[in-house]
Structure formats: structure tokens, C-alpha cells
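K.L.:
Handing over my_file_32.cif, mmCIF, C-alpha atoms.
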data_final
loop_
_atom_site.label_atom_id
_atom_site.label_comp_id
_atom_site.auth_asym_id
_atom_site.auth_seq_id
_atom_site.Cartn_x
_atom_site.Cartn_y
_atom_site.Cartn_z
CA MET A 1 94.20 5.69 -16.66
CA ASN A 2 96.07 7.22 -13.80
CA GLU A 3 96.02 10.17 -11.47
CA LYS A 4 98.72 12.06 -13.36
CA THR A 5 96.73 11.87 -16.59
CA SER A 6 93.69 13.22 -14.76
CA SER A 7 95.82 16.09 -13.40
CA LEU A 8 97.26 16.74 -16.86
CA PHE A 9 93.73 17.02 -18.26
CA ASP A 10 93.01 19.71 -15.66
CA ASN A 11 96.38 21.45 -16.25
CA GLU A 12 97.17 20.68 -12.62
CA ILE A 13 100.00 18.21 -13.15
CA GLN A 14 103.40 19.05 -11.67
CA VAL A 15 105.78 19.79 -14.54
CA ASN A 16 108.28 17.35 -13.02
CA ASP A 17 105.73 14.53 -13.32
CA ILE A 18 105.40 14.84 -17.09
CA ASP A 19 108.60 12.88 -17.74
CA SER A 20 107.42 9.91 -15.67
CA LEU A 21 103.97 10.11 -17.27
CA LEU A 22 105.45 9.59 -20.74
CA SER A 23 108.39 7.41 -19.74
CA LYS A 24 107.13 4.07 -20.96
CA LYS A 25 106.82 3.14 -24.61
CA ASP A 26 103.35 3.81 -26.04
CA ARG A 27 102.41 5.58 -22.81
CA GLY A 28 101.52 8.63 -24.90
CA ILE A 29 98.75 6.72 -26.68
CA ASN A 30 97.24 5.61 -23.35
CA VAL A 31 97.38 9.18 -22.06
CA ARG A 32 95.64 10.46 -25.19
CA GLU A 33 92.90 7.83 -24.94
CA ALA A 34 92.33 8.71 -21.29
CA MET A 35 92.14 12.42 -22.14
CA GLN A 36 89.55 11.67 -24.84
CA SER A 37 87.48 9.80 -22.27
CA TYR A 38 87.78 12.66 -19.75
CA GLN A 39 86.77 15.16 -22.45
CA MET A 40 83.66 13.13 -23.22
CA ILE A 41 82.75 12.95 -19.52
CA SER A 42 83.38 16.67 -19.12
CA ASP A 43 81.23 17.59 -22.14
CA ALA A 44 78.41 15.33 -20.95
CA ILE A 45 78.42 16.74 -17.40
CA GLN A 46 78.43 20.31 -18.73
CA GLY A 47 75.59 19.55 -21.15
CA LYS A 48 77.73 20.24 -24.22
CA ARG A 49 77.44 18.47 -27.53
CA LEU A 50 79.67 15.43 -27.56
CA SER A 51 82.36 15.82 -30.17
CA LYS A 52 83.94 12.59 -31.23
CA ASN A 53 86.50 12.31 -33.94
CA ASN A 54 89.62 10.27 -34.56
CA LEU A 55 91.47 13.33 -35.82
CA THR A 56 94.27 13.00 -33.24
CA ASP A 57 95.04 9.49 -34.49
CA LYS A 58 95.12 10.72 -38.11
CA ILE A 59 97.37 13.64 -37.19
CA MET A 60 99.76 11.41 -35.21
CA ALA A 61 99.89 8.89 -38.07
CA ALA A 62 101.05 11.76 -40.30
CA ILE A 63 103.49 13.06 -37.64
CA ASP A 64 105.01 9.57 -37.31
CA LYS A 65 106.04 9.79 -40.96
CA GLU A 66 107.80 13.11 -40.36
CA PRO A 67 111.53 13.15 -39.53
CA THR A 68 112.05 13.40 -35.76
CA GLN A 69 112.77 16.94 -34.62
CA LEU A 70 115.77 17.34 -32.32
CA SER A 71 117.54 20.08 -30.37
CA GLY A 72 115.11 22.95 -30.46
CA PHE A 73 115.44 26.36 -28.85
CA LEU A 74 114.00 25.19 -25.56
CA ALA A 75 116.28 22.12 -25.33
CA THR A 76 117.91 22.35 -21.91
CA LYS A 77 121.61 22.38 -21.07
CA GLU A 78 121.05 19.07 -19.31
CA SER A 79 119.92 17.42 -22.50
CA LEU A 80 122.90 18.83 -24.40
CA ARG A 81 125.16 17.49 -21.64
CA GLN A 82 123.63 14.05 -22.16
CA TYR A 83 124.67 14.07 -25.81
CA THR A 84 128.24 15.18 -25.02
CA ALA A 85 128.81 13.22 -21.82
CA PRO A 86 132.00 11.13 -21.75
CA SER A 87 131.46 7.54 -22.74
CA GLU A 88 132.01 4.84 -20.13
CA TYR A 89 134.56 3.29 -22.50
CA TRP A 90 136.88 6.31 -22.47
CA PRO A 91 138.98 5.14 -19.47
CA MET A 92 139.51 1.77 -21.17
CA ALA A 93 140.44 3.46 -24.43
CA ALA A 94 142.83 5.77 -22.56
CA SER A 95 144.52 2.78 -20.93
CA PHE A 96 145.03 1.06 -24.29
CA ALA A 97 146.38 4.26 -25.76
CA ALA A 98 148.85 4.64 -22.89
CA LEU A 99 150.02 1.04 -23.27
CA PHE A 100 150.42 1.57 -26.99
CA VAL A 101 152.52 4.69 -26.45
CA ILE A 102 154.72 2.96 -23.88
CA GLY A 103 155.12 -0.08 -26.13
CA LEU A 104 156.01 2.14 -29.07
CA THR A 105 158.58 4.01 -26.96
CA VAL A 106 160.19 0.79 -25.80
CA PHE A 107 160.20 -0.72 -29.30
CA ASN A 108 161.67 2.34 -30.99
CA GLY A 109 163.98 3.19 -28.13
CA ASP A 110 167.67 2.23 -27.85
CA SER A 111 168.29 -1.22 -29.19
CA ILE A 112 169.37 -3.78 -26.68
CA LYS A 113 173.16 -3.84 -26.67
CA ALA A 114 175.21 -6.53 -25.14
CA GLY A 115 176.23 -5.48 -21.71
CA ASN A 116 173.58 -2.70 -21.46
CA ASN A 117 170.82 -5.06 -20.56
CA PRO A 118 172.53 -8.20 -19.50
CA ILE A 119 170.29 -11.11 -20.02
CA LEU A 120 170.27 -13.31 -17.04
CA ALA A 121 170.13 -16.73 -18.60
CA LYS A 122 170.56 -18.67 -15.42
CA GLY A 123 166.93 -18.75 -14.73
CA ASP A 124 166.07 -19.89 -18.25
CA ILE A 125 168.60 -22.64 -18.87
CA PRO A 126 168.18 -25.91 -16.98
CA GLU A 127 170.72 -26.53 -14.19
CA ASP A 128 172.09 -29.83 -15.58
CA ILE A 129 173.04 -28.20 -18.89
CA ILE A 130 174.98 -25.48 -17.06
CA ILE A 131 176.83 -28.10 -15.00
CA ALA A 132 177.63 -30.11 -18.18
CA HIS A 133 178.94 -26.94 -19.83
CA HIS A 134 181.16 -26.15 -16.89
CA SER A 135 182.48 -29.67 -16.75
CA SER A 136 183.44 -29.64 -20.44
CA THR A 137 185.40 -26.42 -20.09
CA SER A 138 189.21 -26.73 -20.10
CA THR A 139 190.95 -26.35 -16.77
CA ASN A 140 194.17 -25.21 -18.48
CA MET A 141 194.61 -21.54 -17.80
CA ASN A 142 196.42 -21.03 -21.09
CA TYR A 143 193.23 -21.97 -22.88
CA PHE A 144 191.76 -18.76 -21.75
CA ILE A 145 194.85 -16.53 -22.47
CA LYS A 146 194.66 -14.94 -25.85
CA THR A 147 198.06 -14.81 -27.58
CA LYS A 148 199.07 -12.87 -30.58
CA ASP A 149 199.53 -14.96 -33.67
CA MET B 1 116.14 45.73 -29.84
CA ILE B 2 113.53 43.72 -31.64
CA ASN B 3 114.06 42.67 -35.24
CA LEU B 4 111.45 40.98 -37.39
CA LEU B 5 112.71 37.83 -39.00
CA LYS B 6 110.74 36.00 -41.65
CA VAL B 7 111.03 32.28 -41.16
CA VAL B 8 110.20 30.24 -44.21
CA SER B 9 108.99 26.75 -43.51
CA LYS B 10 109.10 23.76 -45.78
CA SER B 11 105.64 24.51 -47.09
CA SER B 12 106.76 28.04 -47.96
CA GLU B 13 104.43 29.60 -45.42
CA VAL B 14 105.79 32.78 -43.89
CA TYR B 15 105.57 33.24 -40.16
CA ASN B 16 106.71 36.51 -38.73
CA ALA B 17 108.75 35.49 -35.74
CA PRO B 18 109.96 38.36 -33.61
CA ILE B 19 113.46 37.77 -32.38
CA VAL B 20 114.02 39.36 -29.03
CA ASN B 21 116.98 39.71 -26.74
CA THR B 22 116.93 36.34 -24.99
CA GLU B 23 118.46 37.69 -21.81
CA ALA B 24 115.71 40.30 -21.57
CA VAL B 25 113.12 37.59 -22.21
CA LYS B 26 114.61 35.43 -19.46
CA ILE B 27 114.57 38.33 -17.03
CA ASN B 28 110.99 39.16 -17.94
CA MET B 29 109.93 35.55 -17.68
CA GLU B 30 111.56 35.26 -14.28
CA ALA B 31 109.76 38.40 -13.09
CA ARG B 32 106.34 37.25 -14.37
CA PRO B 33 105.52 33.68 -13.34
CA ILE B 34 103.89 31.81 -16.20
CA SER B 35 100.57 30.03 -15.74
CA PRO B 36 100.58 26.30 -14.90
CA GLU B 37 99.01 25.54 -18.29
CA ARG B 38 101.73 27.42 -20.12
CA ALA B 39 104.45 25.72 -18.04
CA ILE B 40 102.98 22.31 -18.87
CA ASP B 41 102.75 23.11 -22.58
CA GLN B 42 106.31 24.42 -22.55
CA LYS B 43 107.52 21.17 -20.99
CA LEU B 44 105.69 19.14 -23.64
CA VAL B 45 107.20 21.31 -26.39
CA GLU B 46 110.69 20.83 -24.89
CA LYS B 47 110.19 17.08 -24.96
CA ALA B 48 108.93 17.26 -28.55
CA GLN B 49 112.01 19.29 -29.50
CA LYS B 50 114.14 16.49 -28.05
CA GLY B 51 112.43 13.94 -30.28
CA ASP B 52 109.48 12.81 -28.13
CA LYS B 53 106.58 12.58 -30.57
CA GLN B 54 104.27 11.28 -27.84
CA ALA B 55 104.65 14.60 -26.03
CA PHE B 56 103.56 16.39 -29.21
CA GLY B 57 100.64 13.96 -29.39
CA ILE B 58 99.46 15.22 -26.00
CA LEU B 59 99.47 18.77 -27.38
CA VAL B 60 97.49 17.59 -30.41
CA GLU B 61 94.91 15.91 -28.18
CA LYS B 62 94.71 18.99 -26.01
CA TYR B 63 94.17 21.54 -28.77
CA GLN B 64 92.70 19.81 -31.82
CA LEU B 65 89.08 20.53 -30.82
CA LYS B 66 89.87 24.17 -30.03
CA LEU B 67 91.60 24.57 -33.38
CA ASN B 68 88.70 22.80 -35.03
CA ARG B 69 86.28 25.38 -33.57
CA LEU B 70 88.55 28.22 -34.65
CA ILE B 71 88.80 27.03 -38.25
CA SER B 72 85.05 26.38 -38.39
CA ARG B 73 84.59 30.17 -38.19
CA MET B 74 86.31 30.44 -41.57
CA VAL B 75 85.43 27.19 -43.34
CA ARG B 76 82.08 25.48 -43.52
CA ASP B 77 82.84 21.97 -44.70
CA GLN B 78 83.77 19.64 -41.84
CA SER B 79 86.14 17.49 -43.90
CA GLU B 80 87.96 20.64 -45.09
CA ILE B 81 88.16 21.83 -41.48
CA GLU B 82 89.75 18.53 -40.44
CA ASP B 83 92.24 18.73 -43.33
CA ILE B 84 93.24 22.25 -42.32
CA VAL B 85 93.58 21.25 -38.66
CA GLN B 86 95.75 18.28 -39.66
CA ASP B 87 97.92 20.48 -41.92
CA SER B 88 98.27 23.05 -39.14
CA PHE B 89 99.56 20.50 -36.64
CA ILE B 90 101.98 19.02 -39.19
CA LYS B 91 103.32 22.51 -39.90
CA ALA B 92 103.58 23.16 -36.18
CA TYR B 93 105.57 19.95 -35.72
CA ARG B 94 107.93 20.82 -38.57
CA ALA B 95 108.46 24.28 -37.07
CA ILE B 96 108.58 23.11 -33.43
CA ASN B 97 112.29 23.89 -33.16
CA ASN B 98 111.48 27.53 -33.93
CA PHE B 99 109.11 27.81 -30.97
CA ARG B 100 110.87 29.98 -28.43
CA GLY B 101 108.32 30.12 -25.64
CA ASP B 102 107.82 33.89 -26.01
CA SER B 103 104.10 33.25 -26.38
CA ALA B 104 101.84 30.45 -25.21
CA PHE B 105 101.92 27.37 -27.42
CA TYR B 106 98.25 27.75 -28.37
CA THR B 107 98.77 31.35 -29.43
CA TRP B 108 101.56 30.18 -31.76
CA LEU B 109 99.42 27.29 -33.00
CA TYR B 110 96.48 29.65 -33.50
CA ARG B 111 98.58 31.82 -35.88
CA ILE B 112 99.63 28.74 -37.85
CA GLY B 113 96.00 27.59 -38.03
CA ILE B 114 94.74 30.96 -39.28
CA ASN B 115 97.44 31.17 -41.95
CA THR B 116 96.79 27.61 -43.09
CA ALA B 117 93.06 28.26 -43.34
CA LYS B 118 93.60 31.52 -45.24
CA ASN B 119 95.92 29.84 -47.73
CA HIS B 120 93.45 27.02 -48.18
CA LEU B 121 90.64 29.46 -48.96
CA VAL B 122 92.82 31.48 -51.33
CA SER B 123 93.86 28.31 -53.16
CA LEU B 124 90.18 27.53 -53.71
CA GLY B 125 89.51 31.03 -54.96
CA ARG B 126 87.53 31.96 -51.87
CA ARG B 127 88.07 35.19 -49.97
CA PRO B 128 89.10 34.59 -46.36
CA LYS B 129 87.28 36.47 -43.63
CA ALA B 130 89.30 39.05 -41.68
CA MET B 131 90.32 37.32 -38.50
CA ASP B 132 92.45 40.01 -36.88
CA ALA B 133 89.78 41.20 -34.52
CA VAL B 134 88.74 37.72 -33.44
CA ASP B 135 88.80 37.14 -29.72
CA ILE B 136 90.34 33.77 -28.95
CA GLU B 137 88.15 33.27 -25.89
CA GLU B 138 85.06 33.95 -27.97
CA ILE B 139 86.10 31.26 -30.42
CA GLU B 140 86.82 28.75 -27.65
CA ASN B 141 83.29 29.12 -26.36
CA PHE B 142 81.72 29.30 -29.78
CA GLN B 143 80.24 25.90 -30.42
CA ASP B 144 77.22 27.05 -32.36
CA ALA B 145 79.12 27.14 -35.64
CA GLN B 146 79.87 23.45 -35.39
CA ASP B 147 76.41 22.64 -34.01
CA LEU B 148 74.74 24.25 -37.01
CA ARG B 149 76.98 22.65 -39.59
CA SER B 150 77.42 19.19 -38.08
CA VAL B 151 75.50 16.36 -39.67
CA GLU B 152 74.15 14.22 -36.90
CA THR B 153 72.07 11.24 -37.67
CA PRO B 154 69.21 10.16 -35.39
CA GLU B 155 71.44 7.24 -34.40
CA THR B 156 74.34 9.40 -33.25
CA THR B 157 71.95 11.75 -31.48
CA MET B 158 70.47 8.80 -29.60
CA MET B 159 73.96 7.53 -28.75
CA ASN B 160 74.99 10.96 -27.47
CA ASN B 161 71.91 11.15 -25.31
CA GLN B 162 72.64 7.71 -23.87
CA ILE B 163 76.23 8.68 -23.08
CA THR B 164 75.09 11.91 -21.43
CA ALA B 165 72.52 10.08 -19.32
CA THR B 166 75.02 7.40 -18.28
CA VAL B 167 77.60 10.00 -17.24
CA ASN B 168 75.08 11.98 -15.20
CA ASN B 169 73.69 8.87 -13.48
CA ALA B 170 77.19 7.60 -12.74
CA ALA B 171 78.17 11.00 -11.28
CA GLU B 172 75.09 11.05 -9.05
CA SER B 173 75.88 7.60 -7.68
CA LEU B 174 79.43 8.57 -6.64
CA PRO B 175 80.36 8.73 -2.93
CA ASP B 176 79.73 12.23 -1.62
CA GLU B 177 83.33 13.39 -1.31
CA LEU B 178 84.16 12.22 -4.84
CA LYS B 179 80.97 13.77 -6.26
CA GLN B 180 81.65 17.11 -4.58
CA ALA B 181 85.27 17.37 -5.77
CA PHE B 182 84.31 16.23 -9.28
CA LYS B 183 81.44 18.72 -9.65
CA LEU B 184 83.44 21.62 -8.19
CA ARG B 185 86.00 20.95 -10.89
CA GLU B 186 83.82 20.08 -13.88
CA MET B 187 80.79 22.28 -13.36
CA ASP B 188 82.23 25.26 -11.48
CA GLY B 189 85.75 25.18 -12.95
CA HIS B 190 87.57 25.62 -9.64
CA SER B 191 91.28 24.91 -9.37
CA TYR B 192 92.55 22.05 -7.19
CA GLU B 193 93.82 24.59 -4.70
CA GLU B 194 90.42 26.25 -4.41
CA ILE B 195 88.66 22.90 -4.06
CA ALA B 196 91.15 21.87 -1.35
CA GLU B 197 90.32 25.03 0.56
CA MET B 198 86.56 24.57 0.16
CA MET B 199 86.65 20.92 1.19
CA GLY B 200 89.25 21.38 3.90
CA CYS B 201 91.62 18.72 2.59
CA PRO B 202 95.06 18.60 0.98
CA ILE B 203 95.48 19.20 -2.77
CA GLY B 204 96.70 15.61 -3.16
CA THR B 205 93.38 14.36 -1.78
CA VAL B 206 91.49 16.55 -4.25
CA ARG B 207 93.61 15.18 -7.10
CA SER B 208 92.91 11.62 -5.99
CA ARG B 209 89.15 12.18 -5.55
CA ILE B 210 88.71 13.75 -8.98
CA PHE B 211 90.67 10.94 -10.60
CA ARG B 212 88.65 8.26 -8.77
CA ALA B 213 85.41 9.95 -9.79
CA ARG B 214 86.45 9.98 -13.45
CA ASP B 215 87.65 6.41 -13.24
CA ALA B 216 84.33 5.23 -11.80
CA ILE B 217 82.32 7.07 -14.46
CA ALA B 218 84.58 5.82 -17.27
CA GLU B 219 84.11 2.25 -16.04
CA LYS B 220 80.32 2.58 -16.43
CA LEU B 221 80.73 4.23 -19.82
CA LYS B 222 83.04 1.52 -21.19
CA PRO B 223 80.41 -0.78 -22.75
CA LEU B 224 78.65 2.20 -24.32
CA ILE B 225 81.89 3.67 -25.72
CA GLU B 226 82.82 0.36 -27.30
CA GLU B 227 79.43 0.29 -28.96
CA THR B 228 79.80 3.91 -30.05
CA ASN B 229 83.22 3.32 -31.59
CA LYS B 230 81.74 0.64 -33.79
CA ARG B 231 79.04 2.99 -35.02
CA TRP B 232 80.80 6.42 -35.29
#
Output the file's structure in the form of C-alpha cells.
P.N.:
Amino acid sequence: MNEKTSSLFDNEIQVNDIDSLLSKKDRGINVREAMQSYQMISDAIQGKRLSKNNLTDKIMAAIDKEPTQLSGFLATKESLRQYTAPSEYWPMAASFAALFVIGLTVFNGDSIKAGNNPILAKGDIPEDIIIAHHSSTSTNMNYFIKTKD
Amino acid sequence: MINLLKVVSKSSEVYNAPIVNTEAVKINMEARPISPERAIDQKLVEKAQKGDKQAFGILVEKYQLKLNRLISRMVRDQSEIEDIVQDSFIKAYRAINNFRGDSAFYTWLYRIGINTAKNHLVSLGRRPKAMDAVDIEEIENFQDAQDLRSVETPETTMMNNQITATVNNAAESLPDELKQAFKLREMDGHSYEEIAEMMGCPIGTVRSRIFRARDAIAEKLKPLIEETNKRW
């Protein structure tokens, strides 16, 4: 039992404390049991007949079978904001989408024409192959002059 | 402009729910501060409307005895009373999203309870008593109906007497400041604020003292309660 439950029994709990009172799983059952105990103590001290039944348990067993109610009239804007808040994965998804769009643009854009995007092969081809190619090339200038046939 | 709207629930009960201009209600509610009890109940209802069944369970625990006493004015058989109380709370849970906070939760629950009891009596061919003039406060204090109709065995009477004696003895053996705060609350019905003023201490201290008093008494009652649970 705790102080907040005792205050709740007396209707003296701060409204802001109700969330923390019921925050843990099954906390509601503990609160109900404590309230039953306080009711018994209260009735005894006031000389009233002690009323003991397990009706709350029966009612809650029936309520547990009911579909959970959501979004009633008194649901606050804050709670609605929780349900519509942006997901933490949105920035990642946005990045992927941007990359996709850029990739699509590049892929569908102008095809690579010779001379438009000169491929610099020097860095890719090993040096010794380039030297061997140069050495096998004819030194006769006429080799390179195209003549009409 | 107030229009009457008939809301039909799953069980085909008809609850007349006045629909009012919400802005006007908000203004009115801002002008008239609601009682702490009503604010607490409203918070519990909000949580229930967001799917917290435990919060609704607190409301059930809080009001099931009161509703029991109310229904006992119309129905004699205790098992029938319990069935009607159970049905009333189930109907209240199903209709919880329709609760607008225009009235106190218990007032709304009271209407559901009365209708459920009336329908029960009509279904059994019995004529329900007119309940329109019933004073809610009168019903809350009216225990005699249950006392007369309850079937207590000598064993349960003896157990009750033992529990009462244990509670009173435990209360008398409390440290003075705990005893005083506890009795001012339980026997005289003073608010925490009033007790704080009388005892010349902060409200937080009053809260703590009352809790510690209850805790100490409950500790002494524990063995007896465990025994009682086996027998009741």
C-alpha cells in the first residue's frame, strides 16, 4: 500500500499523481486491494456493518472480456498527439527516398556519351600495360594520317 | 441551444444524453471549479477512455458498494442486486466514451443503475418503484435496507466483531499524532487541509500520518483478514 492510494481513498490525491499511481502493470489490482482494506478499517472505526464481497473482482473479470474502449470525449489533445506523432524512422525513410529519387534521376537522365563524360582510365589501368601499349605504337607519322581510298 | 439525443447502447437501453454547446460548457466549467472528487473521477474516466481498464477498476471499487445500496432500495434479493450492479458497470464501461463530464461520474452511473434495475424488474414482471424523488445522499447513508436483508451467520458475525475489535485496539495503540490525524479524518470527516490547520502541520504531513496509521492497523488485521477470506 502506499501514500497515494491512501490519498486516493480520501479523494485527496493530486490529479497529476494518478498516472504514476497506475503506471506499473497490475498496479490497479494492488490499489483496489488497498482500498478494500481501507474501507474495512473505515467501516470498523465508524461502527458500521462490515460489507465484504468480491463483486469488484467479478465485475473486472467481465470488463476484461470487453473490447478495450479508446478515444473517448474526454481524451486530451496530448493523447491524440501521441497517436499522430512522427515516427523516429521518418528521417531515415526520407533519406532513402531522397537517394532513390537521385538515383532514378541519374539512371534515367542523359546517357553517357563519349566525350561528354570522359572516362579517365589512367587510374584504373596498370602503369606497365600503358607503357607496353605506347611502346607497341608505330612511330611512323603516316600511320596516323587517314588517307582516302 | 440544448438538444436531446437518444443514445442507444449495445444492450438497447436508452439513455437521454443532453448535448450542450461544448464551448459554453468549457466556459462554465472554468468559472465553477469542480470538486476534488469530481476531478479525480474525471481523470480516471479519461484514462479508461484511453484504454486503461485498471483506472475503470478503481471507479468500480469506489462506487460498487454505493450502487449496491442504491439498488437494494428496489430489489430485495442480494444475488439479484449483485447481478444488476455488475450489469450496470459493464454498461457504463461500454458507454464510457459517451461520458462527457457534464455531470459527476456517479450521477451518470446512478442513472445507468436505476435503468438497469427497472428493466430487470420489468423483465421479471415486477413493477419498479418510482425512484425520481429519491435523494442520492439519503441512499448513500441508508444501510438499513441491506442490514435487514443480509443473511449473516453466527460465524460471520463473530468474525466481524473480531475485525472491529482489532481495528479499534490497533487505532488506540497508535502514536498520538497518527491517532489524532486518523480519527479526525475517519470519525469527523475533516479534509486534509482542515486537519493540517487543526494540527498545525503541512498537508503532506497529514497525508503521511493518515497513511502510516492505516498501514499500522492493516498490518495487525492481516492474519485476521486471511482467515476471513477463507471463510467468507
K.L.:
Using only C-alpha atoms, find each residue of chain A with at least one atom at most 8 Å away from an atom of chain B; report its shortest atom-to-atom pair and that distance in Å (one decimal), sort the rows by chain and rising residue number, and return the result as a tab-separated table.
P.N.:
residue	atom	partner	partner_atom	distance
A:Met1	CA	B:Asp215	CA	7.4
A:Asn2	CA	B:Phe211	CA	7.3
A:Glu3	CA	B:Phe211	CA	5.5
A:Ser6	CA	B:Phe211	CA	5.6
A:Ser7	CA	B:Arg207	CA	6.7
A:Asn11	CA	B:Glu37	CA	5.3
A:Glu12	CA	B:Pro36	CA	7.0
A:Ile13	CA	B:Ile40	CA	7.6
A:Gln14	CA	B:Ile40	CA	7.9
A:Val15	CA	B:Ile40	CA	5.7
A:Ile18	CA	B:Lys43	CA	7.7
A:Leu22	CA	B:Ala55	CA	7.3
A:Asp26	CA	B:Gln54	CA	7.7
A:Arg27	CA	B:Gln54	CA	7.8
A:Gly28	CA	B:Gln54	CA	4.8
A:Ile29	CA	B:Gln54	CA	7.3
A:Val31	CA	B:Ile58	CA	7.5
A:Arg32	CA	B:Ile58	CA	6.2
A:Met35	CA	B:Glu61	CA	7.5
A:Gln36	CA	B:Glu61	CA	7.6
A:Ser37	CA	B:Ala218	CA	7.0
A:Tyr38	CA	B:Arg214	CA	7.0
A:Ile41	CA	B:Val167	CA	6.4
A:Ser42	CA	B:Glu186	CA	6.3
A:Ala44	CA	B:Thr164	CA	4.8
A:Ile45	CA	B:Asn168	CA	6.2
A:Gln46	CA	B:Met187	CA	6.2
A:Gly47	CA	B:Thr164	CA	7.7
A:Arg49	CA	B:Asp147	CA	7.8
A:Leu50	CA	B:Asn160	CA	6.5
A:Leu55	CA	B:Glu82	CA	7.2
A:Thr56	CA	B:Glu61	CA	5.9
A:Lys58	CA	B:Gln86	CA	7.7
A:Ile59	CA	B:Gln86	CA	5.5
A:Met60	CA	B:Gly57	CA	6.4
A:Ala62	CA	B:Ile90	CA	7.4
A:Ile63	CA	B:Ile90	CA	6.3
A:Asp64	CA	B:Lys53	CA	7.5
A:Glu66	CA	B:Arg94	CA	7.9
A:Thr68	CA	B:Gly51	CA	5.5
A:Gln69	CA	B:Gly51	CA	5.3
A:Leu70	CA	B:Lys50	CA	4.6
A:Ser71	CA	B:Lys50	CA	5.5
A:Gly72	CA	B:Asn97	CA	4.0
A:Phe73	CA	B:Arg100	CA	5.8
A:Leu74	CA	B:Glu46	CA	5.5
A:Ala75	CA	B:Glu46	CA	5.8
A:Thr76	CA	B:Glu46	CA	8.0
K.L.:
Quick one, how far is atom CA of Ile71 of chain B from atom CA of Val122 of chain B?
P.N.:
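So the answer is 14.4 Å.
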K.L.:
Could you please determine the separation between atom CA of Thr107 of chain B and atom CA of Gln39 of chain A in Å, to one decimal place?
P.N.:
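Between atom CA of Thr107 of chain B and atom CA of Gln39 of chain A the gap works out to 21.3 Å.
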K.L.:
Quote the spacing between atom CA of Arg69 of chain B and atom CA of Asn54 of chain A in Å to one decimal place.
P.N.:
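Separating atom CA of Arg69 of chain B from atom CA of Asn54 of chain A is a distance of 15.5 Å.
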